[in-house]
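**Q** My file is data.txt. It has compact mmCIF, C-alpha atoms:
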```
# COMPACT_ATOMS: atom_id res chain seq x y z
CA MET S 1 -13.05 32.60 22.15
CA THR S 2 -16.42 30.82 21.97
CA VAL S 3 -16.72 31.60 18.25
CA LEU S 4 -13.17 30.38 17.65
CA PHE S 5 -13.85 27.08 19.40
CA ALA S 6 -17.10 26.69 17.49
CA LEU S 7 -15.32 27.13 14.16
CA VAL S 8 -12.59 24.67 15.15
CA ALA S 9 -15.18 22.13 16.29
CA VAL S 10 -17.09 22.44 13.01
CA ALA S 11 -13.89 21.97 11.00
CA PHE S 12 -12.94 18.79 12.87
CA ALA S 13 -16.51 17.49 12.68
CA ALA S 14 -16.58 18.05 8.92
CA PHE S 15 -13.28 16.21 8.47
CA ALA S 16 -14.53 13.33 10.63
CA ALA S 17 -17.72 13.11 8.56
CA VAL S 18 -15.76 13.01 5.30
CA ARG S 19 -13.52 10.25 6.68
CA GLY S 20 -16.29 8.31 8.37
CA PHE S 21 -18.58 8.20 5.35
CA GLY S 22 -15.84 7.99 2.70
CA LEU S 23 -16.94 11.28 1.12
CA GLU S 24 -13.57 12.52 -0.12
CA ARG S 25 -13.87 13.55 -3.74
CA GLY S 26 -11.25 15.22 -5.86
CA TRP S 27 -8.35 17.42 -4.97
CA PRO S 28 -7.39 18.57 -2.31
CA LEU S 29 -9.68 16.41 -0.16
CA VAL S 30 -8.07 13.13 -1.27
CA PRO S 31 -4.48 14.06 -0.36
CA ALA S 32 -5.73 15.71 2.85
CA LEU S 33 -7.26 12.41 4.02
CA ALA S 34 -3.77 10.86 4.11
CA TYR S 35 -3.10 12.94 7.23
CA THR S 36 -6.07 11.62 9.22
CA PRO S 37 -3.87 10.25 12.08
CA TYR S 38 -2.46 13.75 12.58
CA VAL S 39 -5.94 15.28 12.48
CA LEU S 40 -6.97 12.86 15.24
CA GLY S 41 -4.14 14.22 17.38
CA GLY S 42 -5.27 17.77 16.66
CA ALA S 43 -8.88 16.94 17.58
CA LEU S 44 -7.76 15.51 20.93
CA LEU S 45 -5.71 18.64 21.70
CA ALA S 46 -8.62 20.90 20.74
CA ALA S 47 -11.02 18.87 22.89
CA THR S 48 -8.64 19.14 25.85
CA ALA S 49 -8.46 22.92 25.43
CA ALA S 50 -12.25 23.20 25.12
CA GLY S 51 -12.68 21.18 28.28
CA LEU S 52 -10.21 23.30 30.24
CA LEU S 53 -11.96 26.48 29.12
CA ARG S 54 -15.44 24.99 29.74
CA ARG S 55 -16.77 25.38 26.20
CA ARG S 56 -19.23 22.54 26.58
CA VAL S 57 -20.88 22.46 23.15
CA PRO S 58 -17.60 22.66 21.19
CA LEU S 59 -16.20 20.07 23.61
CA ALA S 60 -19.03 17.65 22.84
CA VAL S 61 -18.57 18.13 19.08
CA LEU S 62 -14.79 17.69 19.31
CA VAL S 63 -15.09 14.55 21.43
CA ALA S 64 -17.51 13.06 18.89
CA ALA S 65 -15.17 13.94 15.99
CA ALA S 66 -12.17 12.47 17.81
CA ALA S 67 -14.13 9.29 18.54
CA VAL S 68 -15.00 8.83 14.86
CA LEU S 69 -11.39 9.37 13.82
CA ALA S 70 -10.06 7.10 16.58
CA VAL S 71 -12.30 4.25 15.45
CA ALA S 72 -10.77 4.62 11.98
CA VAL S 73 -7.13 5.03 13.03
CA VAL S 74 -6.41 3.17 16.27
CA PRO S 75 -7.10 -0.41 15.04
CA ARG S 76 -4.12 -0.11 12.69
CA ALA S 77 -1.84 0.05 15.72
CA VAL S 78 -3.33 -3.05 17.37
CA PRO S 79 -1.92 -6.46 16.30
CA PHE S 80 -4.46 -9.05 15.17
CA GLY S 81 -4.81 -12.05 12.89
CA ILE S 82 -2.92 -15.29 12.42
CA SER S 83 0.83 -15.46 12.01
CA GLY S 84 0.86 -18.58 9.85
CA ALA S 85 -1.47 -20.50 7.57
CA GLY S 86 0.34 -23.83 7.33
CA GLY S 87 1.52 -23.65 3.73
CA PRO S 88 4.73 -22.52 1.99
CA GLU S 89 6.28 -19.25 3.10
CA LEU S 90 6.94 -16.26 0.86
CA ARG S 91 9.06 -13.30 1.88
CA VAL S 92 7.68 -10.30 0.04
CA MET S 93 9.39 -6.93 -0.36
CA SER S 94 8.17 -3.81 -2.14
CA LEU S 95 10.09 -0.61 -2.86
CA ASN S 96 9.50 2.55 -4.85
CA ALA S 97 12.98 3.05 -6.33
CA LEU S 98 12.49 6.78 -7.04
CA GLY S 99 13.09 6.69 -10.77
CA GLY S 100 15.86 4.15 -10.34
CA GLY S 101 17.68 6.26 -7.75
CA ALA S 102 17.56 3.75 -4.88
CA ARG S 103 21.05 2.58 -3.98
CA THR S 104 21.68 -0.71 -5.76
CA ALA S 105 23.77 -2.23 -2.98
CA ASP S 106 21.09 -1.48 -0.39
CA VAL S 107 18.33 -3.09 -2.44
CA VAL S 108 20.32 -6.25 -3.18
CA GLY S 109 21.58 -6.37 0.41
CA LEU S 110 18.02 -6.26 1.77
CA VAL S 111 16.93 -9.04 -0.58
CA ARG S 112 19.89 -11.17 0.50
CA ASP S 113 19.77 -10.43 4.23
CA ARG S 114 16.00 -10.85 4.60
CA GLY S 115 15.81 -13.90 2.34
CA VAL S 116 13.31 -12.17 0.05
CA THR S 117 11.62 -14.51 -2.43
CA VAL S 118 9.28 -11.98 -4.10
CA LEU S 119 10.28 -8.39 -4.92
CA ALA S 120 7.99 -5.72 -6.36
CA LEU S 121 9.70 -2.55 -7.61
CA GLN S 122 8.09 0.70 -8.70
CA GLU S 123 9.69 3.65 -10.52
CA VAL S 124 12.36 1.29 -11.82
CA THR S 125 14.26 2.04 -15.04
CA PRO S 126 16.00 -0.34 -17.47
CA ASP S 127 19.36 1.05 -16.34
CA ALA S 128 18.45 0.41 -12.70
CA LEU S 129 17.52 -3.19 -13.48
CA ASP S 130 20.83 -3.66 -15.30
CA ALA S 131 22.67 -2.33 -12.25
CA LEU S 132 20.68 -4.58 -9.90
CA SER S 133 21.43 -7.58 -12.09
CA ALA S 134 25.15 -6.76 -12.13
CA ALA S 135 25.06 -6.47 -8.33
CA GLY S 136 23.63 -10.00 -7.97
CA LEU S 137 19.85 -9.58 -7.86
CA ASN S 138 19.35 -12.12 -10.64
CA ASP S 139 21.38 -14.67 -8.70
CA LEU S 140 18.99 -14.29 -5.76
CA LEU S 141 15.77 -13.81 -7.74
CA PRO S 142 16.38 -15.25 -11.21
CA HIS S 143 12.82 -14.83 -12.56
CA THR S 144 11.61 -11.40 -13.69
CA VAL S 145 8.57 -9.74 -15.21
CA ASP S 146 10.09 -6.53 -16.54
CA HIS S 147 7.82 -3.54 -17.21
CA SER S 148 10.57 -1.03 -16.49
CA ALA S 149 10.59 2.34 -18.25
CA PRO S 150 12.56 5.59 -18.17
CA GLY S 151 11.63 8.05 -15.45
CA VAL S 152 8.96 7.08 -12.93
CA HIS S 153 6.59 5.02 -15.10
CA GLY S 154 8.19 1.55 -14.85
CA SER S 155 7.61 -1.35 -12.44
CA SER S 156 8.77 -4.96 -12.19
CA VAL S 157 8.29 -8.22 -10.30
CA HIS S 158 11.20 -10.49 -9.34
CA ALA S 159 10.98 -13.92 -7.73
CA ALA S 160 12.88 -17.00 -6.71
CA PHE S 161 10.24 -19.09 -8.50
CA PRO S 162 9.10 -19.19 -12.14
CA LEU S 163 6.97 -16.25 -13.27
CA THR S 164 4.54 -15.79 -16.15
CA ASP S 165 3.79 -12.29 -17.40
CA LEU S 166 0.01 -11.77 -17.30
CA GLY S 167 0.13 -8.26 -18.68
CA ASP S 168 -0.44 -4.92 -17.03
CA VAL S 169 -3.46 -3.82 -15.00
CA ALA S 170 -2.71 -0.13 -15.55
CA GLU S 171 -5.23 1.73 -17.70
CA GLY S 172 -5.23 5.02 -19.53
CA ALA S 173 -2.66 7.29 -21.13
CA GLY S 174 0.16 8.29 -18.81
CA ALA S 175 -0.58 5.55 -16.27
CA PHE S 176 2.29 4.00 -14.36
CA ALA S 177 3.06 0.35 -15.11
CA MET S 178 1.47 -2.21 -12.77
CA PRO S 179 2.71 -5.62 -13.96
CA ARG S 180 0.78 -8.73 -13.04
CA ALA S 181 2.73 -11.97 -12.71
CA SER S 182 1.71 -15.56 -12.01
CA MET S 183 4.18 -17.47 -9.84
CA GLU S 184 4.54 -21.24 -9.56
CA VAL S 185 5.50 -22.05 -5.96
CA PRO S 186 7.20 -25.48 -5.71
CA GLY S 187 4.97 -28.06 -4.06
CA TYR S 188 1.90 -25.81 -4.12
CA SER S 189 -1.21 -26.71 -6.10
CA PHE S 190 -2.23 -23.26 -7.24
CA PRO S 191 -0.38 -20.34 -8.80
CA VAL S 192 0.16 -17.21 -6.73
CA GLU S 193 -0.34 -13.91 -8.51
CA VAL S 194 1.71 -10.84 -7.66
CA VAL S 195 0.90 -7.30 -8.79
CA SER S 196 3.44 -4.48 -8.45
CA VAL S 197 1.06 -1.62 -7.62
CA HIS S 198 1.62 2.03 -8.55
CA PRO S 199 -1.40 4.21 -9.42
CA LEU S 200 -0.85 7.86 -10.25
CA PRO S 201 -0.38 10.07 -7.17
CA PRO S 202 -3.29 12.40 -6.31
CA LEU S 203 -1.11 15.50 -6.47
CA SER S 204 -3.35 17.70 -8.62
CA PRO S 205 -6.84 17.81 -10.09
CA GLU S 206 -5.42 16.43 -13.36
CA THR S 207 -4.19 13.18 -11.76
CA MET S 208 -7.32 12.35 -9.77
CA ASP S 209 -8.95 10.21 -12.46
CA GLY S 210 -5.72 8.26 -12.96
CA TRP S 211 -5.35 7.73 -9.20
CA ARG S 212 -8.89 6.45 -8.82
CA GLY S 213 -8.75 4.39 -11.99
CA GLY S 214 -5.48 2.74 -10.97
CA LEU S 215 -6.88 1.59 -7.64
CA ARG S 216 -10.15 0.40 -9.19
CA ALA S 217 -8.23 -1.59 -11.82
CA LEU S 218 -6.63 -3.79 -9.16
CA PRO S 219 -8.01 -7.34 -9.29
CA GLY S 220 -9.75 -8.92 -6.32
CA PRO S 221 -8.10 -11.75 -4.35
CA GLU S 222 -9.74 -14.51 -6.38
CA ASP S 223 -10.67 -12.64 -9.54
CA THR S 224 -9.23 -14.93 -12.18
CA GLY S 225 -9.23 -12.17 -14.76
CA ALA S 226 -9.95 -14.84 -17.39
CA ALA S 227 -8.45 -13.89 -20.71
CA GLU S 228 -10.03 -14.49 -24.09
CA ASN S 229 -9.76 -18.01 -25.47
CA GLY S 230 -9.60 -19.47 -21.95
CA ASP S 231 -5.96 -18.63 -21.32
CA PRO S 232 -4.83 -21.32 -18.80
CA ARG S 233 -2.47 -18.84 -17.14
CA HIS S 234 -5.48 -17.38 -15.35
CA ARG S 235 -6.40 -20.37 -13.23
CA ALA S 236 -7.96 -19.39 -9.92
CA GLY S 237 -5.35 -18.93 -7.23
CA LEU S 238 -4.14 -16.53 -4.58
CA ARG S 239 -3.06 -12.95 -5.10
CA ILE S 240 -0.70 -10.48 -3.45
CA LEU S 241 -0.76 -6.73 -4.15
CA ALA S 242 2.51 -5.03 -3.20
CA GLY S 243 3.64 -1.53 -3.97
CA ASP S 244 3.25 2.20 -3.70
CA PHE S 245 -0.53 2.61 -3.62
CA ASN S 246 -0.33 6.40 -3.24
CA ALA S 247 -3.15 5.91 -0.73
CA THR S 248 -3.55 5.20 2.96
CA LEU S 249 -6.23 3.16 4.68
CA ASP S 250 -8.06 6.43 5.27
CA HIS S 251 -8.93 6.59 1.57
CA ALA S 252 -12.25 5.02 0.62
CA GLU S 253 -10.77 3.79 -2.68
CA LEU S 254 -8.14 1.70 -0.86
CA ARG S 255 -10.69 0.44 1.65
CA ARG S 256 -12.75 -0.74 -1.32
CA VAL S 257 -9.76 -2.85 -2.40
CA LEU S 258 -9.48 -4.32 1.10
CA ASP S 259 -13.19 -5.02 1.23
CA ALA S 260 -12.79 -7.33 -1.76
CA GLY S 261 -11.03 -9.77 0.58
CA TYR S 262 -7.50 -8.50 1.13
CA VAL S 263 -5.71 -7.93 4.44
CA SER S 264 -3.01 -5.33 5.04
CA ALA S 265 0.13 -7.10 6.27
CA GLY S 266 1.13 -4.02 8.27
CA THR S 267 -2.12 -3.85 10.24
CA VAL S 268 -1.93 -7.55 11.12
CA HIS S 269 1.12 -6.75 13.23
CA GLY S 270 -0.07 -3.38 14.50
CA GLN S 271 2.25 -1.43 12.17
CA GLY S 272 -0.40 0.04 9.94
CA LEU S 273 0.60 3.59 10.91
CA GLU S 274 4.33 3.17 10.23
CA PRO S 275 5.19 5.99 7.76
CA THR S 276 6.64 4.90 4.42
CA TRP S 277 6.84 8.29 2.64
CA PRO S 278 8.43 10.81 2.43
CA VAL S 279 11.93 10.05 3.69
CA GLY S 280 13.79 13.27 4.37
CA GLY S 281 10.99 15.43 3.03
CA GLY S 282 9.31 18.42 4.61
CA LEU S 283 5.91 16.73 4.90
CA PRO S 284 4.75 14.54 7.81
CA GLY S 285 5.18 10.84 7.10
CA VAL S 286 2.22 8.85 5.78
CA THR S 287 1.64 5.17 5.07
CA ILE S 288 1.17 4.76 1.32
CA ASP S 289 3.29 1.63 0.64
CA HIS S 290 1.54 -1.65 1.43
CA VAL S 291 1.57 -5.40 1.08
CA LEU S 292 -2.01 -6.65 0.74
CA VAL S 293 -2.60 -10.39 0.88
CA ASP S 294 -5.53 -12.74 0.39
CA GLY S 295 -7.42 -13.06 3.68
CA SER S 296 -6.64 -16.78 3.84
CA MET S 297 -2.89 -16.10 4.07
CA GLY S 298 -0.95 -15.72 7.28
CA VAL S 299 1.45 -12.85 8.00
CA GLY S 300 4.36 -13.92 10.18
CA SER S 301 6.16 -10.57 10.31
CA PHE S 302 6.14 -7.08 8.86
CA GLU S 303 8.97 -4.57 8.61
CA VAL S 304 9.56 -1.07 7.23
CA VAL S 305 13.16 -0.29 6.23
CA GLU S 306 14.82 2.87 4.91
CA VAL S 307 16.73 2.51 1.63
CA ALA S 308 19.31 5.11 0.61
CA GLY S 309 18.48 6.98 -2.58
CA SER S 310 14.70 6.61 -2.32
CA ASP S 311 12.12 8.85 -0.69
CA HIS S 312 10.08 5.72 0.14
CA ARG S 313 10.84 3.08 2.73
CA ALA S 314 10.77 -0.55 1.70
CA VAL S 315 8.03 -2.73 3.17
CA LEU S 316 8.70 -6.40 3.88
CA ALA S 317 6.23 -9.09 4.90
CA ARG S 318 6.70 -12.77 5.68
CA VAL S 319 3.60 -14.44 4.25
CA THR S 320 2.43 -18.06 4.48
CA LEU S 321 0.03 -19.59 1.99
CA PRO S 322 -2.96 -21.59 3.24
CA GLU S 323 -2.24 -25.28 3.66
CA ALA S 324 -5.29 -26.41 1.72
CA ARG S 325 -7.57 -24.70 -0.74
```
Would you write out, as structure tokens, the structure that this file holds?

**A**
Amino acid sequence: MTVLFALVAVAFAAFAAVRGFGLERGWPLVPALAYTPYVLGGALLAATAAGLLRRRVPLAVLVAAAAVLAVAVVPRAVPFGISGAGGPELRVMSLNALGGGARTADVVGLVRDRGVTVLALQEVTPDALDALSAAGLNDLLPHTVDHSAPGVHGSSVHAAFPLTDLGDVAEGAGAFAMPRASMEVPGYSFPVEVVSVHPLPPLSPETMDGWRGGLRALPGPEDTGAAENGDPRHRAGLRILAGDFNATLDHAELRRVLDAGYVSAGTVHGQGLEPTWPVGGGLPGVTIDHVLVDGSMGVGSFEVVEVAGSDHRAVLARVTLPEAR
């Protein structure tokens, strides 16, 4: 029994060290880190058992491991931050449409009922966009940056306000589309950029480079991404990243994106552990769909909603722009 507890304690301590120091490299460590909240629960149960059976050294190691994991996980369930920033309000929604399989009526109904003004779709096909348009999406959000494609590779951005296509931040052969759009908000002095995010999933050793490269290609909050010849479309402004990041806040690569100056809308309202994938699958739910906003923005509300036909839940955030820049 002592040997068993020692092995368990070492395993939890190793996991806590990998998470605490951001040491996950390659497969299967990267996908395993997505389940850190569940590992925290397991560490607490193991520590309780070690305490009851008076295995003092394993108990000390397990308590230390649980403490490290708790520091990483618990803050996501605690509301913080400002609810408004004084400027215009945007209602942002993101959904992975599962290769265009998400039910058209549900998507359009959510946009209508929640008053969505910015919609980021991933895994959207040309046929799915045609169906959404026929169901009234273009009446609600008449401006579109369309990078749709057959299968799971396409993404798009839709808005109530004029959009300019700034290209695609995705890099490398086989990468999923990640369109970047500049939006002119009426009465606001600066453009607001929106990126529909969808790096490759870290499902095998072969996709790890694409996963890492997709997250590292995401622009910082005030990275103008100036194009050649001084393209005026790239004036400095604010940026929103919304989509299926295929990463949780337990991944060092996503924390690097946040460290550039973004805030997770879900964590602002203490909903950073709300599972978004998979819906109806055999795996425990993890939080891989996010809305990340410039740190100067306010987040008035955050919501996770199931959509028929998709294995992802939609994420919705009510965001206010700063009053002055």

**Q** With distances taken over all atoms listed in the file, which of S:Ala16, S:Ala105, S:Leu23, S:Ala247 is nearest to Leu203 (chain S)?

**A**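 Ranking S:Ala16, S:Ala105, S:Leu23, S:Ala247 by distance to Leu203 (chain S), first place goes to S:Ala247.
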
**Q** Report, in Å to a single decimal, how far apart CA of Asp113 (chain S) and CA of Pro191 (chain S) are.

**A** 26.0 Å

**Q** Compile the contact shell of Leu140 (chain S) as a ChimeraX atom specification: residues with an atom at most 9 Å away, counting only C-alpha atoms, same-chain residues fewer than 3 positions apart removed.

**A** /S:108,111-112,115-117,136-137,159-160

**Q** For region 144-159 of chain S, take all atoms listed in the file, fit an axis-aligned box around them, add 8 Å to each of the six sides, then output centre and edge lengths in Å rounded to one decimal, as lines of an AutoDock Vina configuration file.

**A**
```
center_x = 9.6
center_y = -2.9
center_z = -13.0
size_x = 22.0
size_y = 38.0
size_z = 26.5
```

**Q** Quick one: everything within 10 Å of Ala11 (chain S), counting only C-alpha atoms, minus sequence neighbours fewer than 5 positions away in the same chain. Send it as a PyMOL selection string.

**A** chain S and resi 5-6+16-17+43+62+65

**Q** So that I can check the surroundings of Gly167 (chain S), please list as a PDB file with C-alpha atoms, keeping the file's coordinate frame every protein, DNA and RNA residue that reaches within 12 Å of it, counting all atoms listed in the file and ignoring chain neighbours fewer than 5 positions away.

**A**
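Final output, out-v2.pdb:
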```pdb
ATOM      1  CA  VAL S 145       8.570  -9.740 -15.210  1.00  0.00           C
ATOM      2  CA  ASP S 146      10.090  -6.530 -16.540  1.00  0.00           C
ATOM      3  CA  HIS S 147       7.820  -3.540 -17.210  1.00  0.00           C
ATOM      4  CA  SER S 155       7.610  -1.350 -12.440  1.00  0.00           C
ATOM      5  CA  SER S 156       8.770  -4.960 -12.190  1.00  0.00           C
ATOM      6  CA  VAL S 157       8.290  -8.220 -10.300  1.00  0.00           C
ATOM      7  CA  ALA S 177       3.060   0.350 -15.110  1.00  0.00           C
ATOM      8  CA  MET S 178       1.470  -2.210 -12.770  1.00  0.00           C
ATOM      9  CA  PRO S 179       2.710  -5.620 -13.960  1.00  0.00           C
ATOM     10  CA  ARG S 180       0.780  -8.730 -13.040  1.00  0.00           C
ATOM     11  CA  ALA S 181       2.730 -11.970 -12.710  1.00  0.00           C
ATOM     12  CA  SER S 182       1.710 -15.560 -12.010  1.00  0.00           C
ATOM     13  CA  GLU S 193      -0.340 -13.910  -8.510  1.00  0.00           C
ATOM     14  CA  VAL S 194       1.710 -10.840  -7.660  1.00  0.00           C
ATOM     15  CA  VAL S 195       0.900  -7.300  -8.790  1.00  0.00           C
ATOM     16  CA  SER S 196       3.440  -4.480  -8.450  1.00  0.00           C
ATOM     17  CA  GLY S 225      -9.230 -12.170 -14.760  1.00  0.00           C
ATOM     18  CA  ALA S 227      -8.450 -13.890 -20.710  1.00  0.00           C
ATOM     19  CA  ARG S 233      -2.470 -18.840 -17.140  1.00  0.00           C
ATOM     20  CA  HIS S 234      -5.480 -17.380 -15.350  1.00  0.00           C
TER      21      HIS S 234
END
```

**Q** Measuring between only C-alpha atoms, which one of S:Val279, S:Ala97, S:Val73, S:Val268 shows the shortest distance to Arg19 (chain S)?

**A** S:Val73

**Q** Can you tell me how far CA of Gln122 (chain S) sits from CA of Ser148 (chain S), in Å to one decimal?

**A**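 Value for the CA of Gln122 (chain S)-CA of Ser148 (chain S) distance: 8.4 Å.
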
**Q** One decimal, Å: what's the distance from CA of Gly270 (chain S) over to CA of Val305 (chain S), could you say?

**A**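 Atom-to-atom, CA of Gly270 (chain S) and CA of Val305 (chain S) are spaced 15.9 Å apart.
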
**Q** Looking at only C-alpha atoms, which of S:Arg255, S:Gly243, S:Gly282, S:Pro221 is the one that sits closest to Asp294 (chain S)?

**A**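 Checking each of S:Arg255, S:Gly243, S:Gly282, S:Pro221 against Asp294 (chain S), counting only C-alpha atoms, the winner is S:Pro221.
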
**Q** Counting all atoms listed in the file, which residue out of S:Val92, S:Ala13, S:Ala77, S:Val39 sits closest to Leu59 (chain S)?

**A**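 Among S:Val92, S:Ala13, S:Ala77, S:Val39, it is S:Ala13 that comes nearest to Leu59 (chain S).
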
**Q** List the spatial neighbours of Leu258 (chain S) as a PyMOL selection string - criterion: any atom at most 12 Å away, all atoms listed in the file, same-chain residues fewer than 2 positions off excluded.

**A** chain S and resi 215-216+218-221+240-241+248-256+260-265+267+290-295

**Q** Please write the residues from the selection above to a file, keeping C-alpha atoms, as a PDB file, in the frame of the given file.

**A**
```
ATOM      1  CA  LEU S 215      -6.880   1.590  -7.640  1.00  0.00           C
ATOM      2  CA  ARG S 216     -10.150   0.400  -9.190  1.00  0.00           C
ATOM      3  CA  LEU S 218      -6.630  -3.790  -9.160  1.00  0.00           C
ATOM      4  CA  PRO S 219      -8.010  -7.340  -9.290  1.00  0.00           C
ATOM      5  CA  GLY S 220      -9.750  -8.920  -6.320  1.00  0.00           C
ATOM      6  CA  PRO S 221      -8.100 -11.750  -4.350  1.00  0.00           C
ATOM      7  CA  ILE S 240      -0.700 -10.480  -3.450  1.00  0.00           C
ATOM      8  CA  LEU S 241      -0.760  -6.730  -4.150  1.00  0.00           C
ATOM      9  CA  THR S 248      -3.550   5.200   2.960  1.00  0.00           C
ATOM     10  CA  LEU S 249      -6.230   3.160   4.680  1.00  0.00           C
ATOM     11  CA  ASP S 250      -8.060   6.430   5.270  1.00  0.00           C
ATOM     12  CA  HIS S 251      -8.930   6.590   1.570  1.00  0.00           C
ATOM     13  CA  ALA S 252     -12.250   5.020   0.620  1.00  0.00           C
ATOM     14  CA  GLU S 253     -10.770   3.790  -2.680  1.00  0.00           C
ATOM     15  CA  LEU S 254      -8.140   1.700  -0.860  1.00  0.00           C
ATOM     16  CA  ARG S 255     -10.690   0.440   1.650  1.00  0.00           C
ATOM     17  CA  ARG S 256     -12.750  -0.740  -1.320  1.00  0.00           C
ATOM     18  CA  ALA S 260     -12.790  -7.330  -1.760  1.00  0.00           C
ATOM     19  CA  GLY S 261     -11.030  -9.770   0.580  1.00  0.00           C
ATOM     20  CA  TYR S 262      -7.500  -8.500   1.130  1.00  0.00           C
ATOM     21  CA  VAL S 263      -5.710  -7.930   4.440  1.00  0.00           C
ATOM     22  CA  SER S 264      -3.010  -5.330   5.040  1.00  0.00           C
ATOM     23  CA  ALA S 265       0.130  -7.100   6.270  1.00  0.00           C
ATOM     24  CA  THR S 267      -2.120  -3.850  10.240  1.00  0.00           C
ATOM     25  CA  HIS S 290       1.540  -1.650   1.430  1.00  0.00           C
ATOM     26  CA  VAL S 291       1.570  -5.400   1.080  1.00  0.00           C
ATOM     27  CA  LEU S 292      -2.010  -6.650   0.740  1.00  0.00           C
ATOM     28  CA  VAL S 293      -2.600 -10.390   0.880  1.00  0.00           C
ATOM     29  CA  ASP S 294      -5.530 -12.740   0.390  1.00  0.00           C
ATOM     30  CA  GLY S 295      -7.420 -13.060   3.680  1.00  0.00           C
TER      31      GLY S 295
END
```

**Q** Residues at most 7 Å from Pro162 (chain S), counting all atoms listed in the file, excluding those fewer than 3 positions away in the same chain, as a PyMOL selection string?

**A** chain S and resi 143+183-184
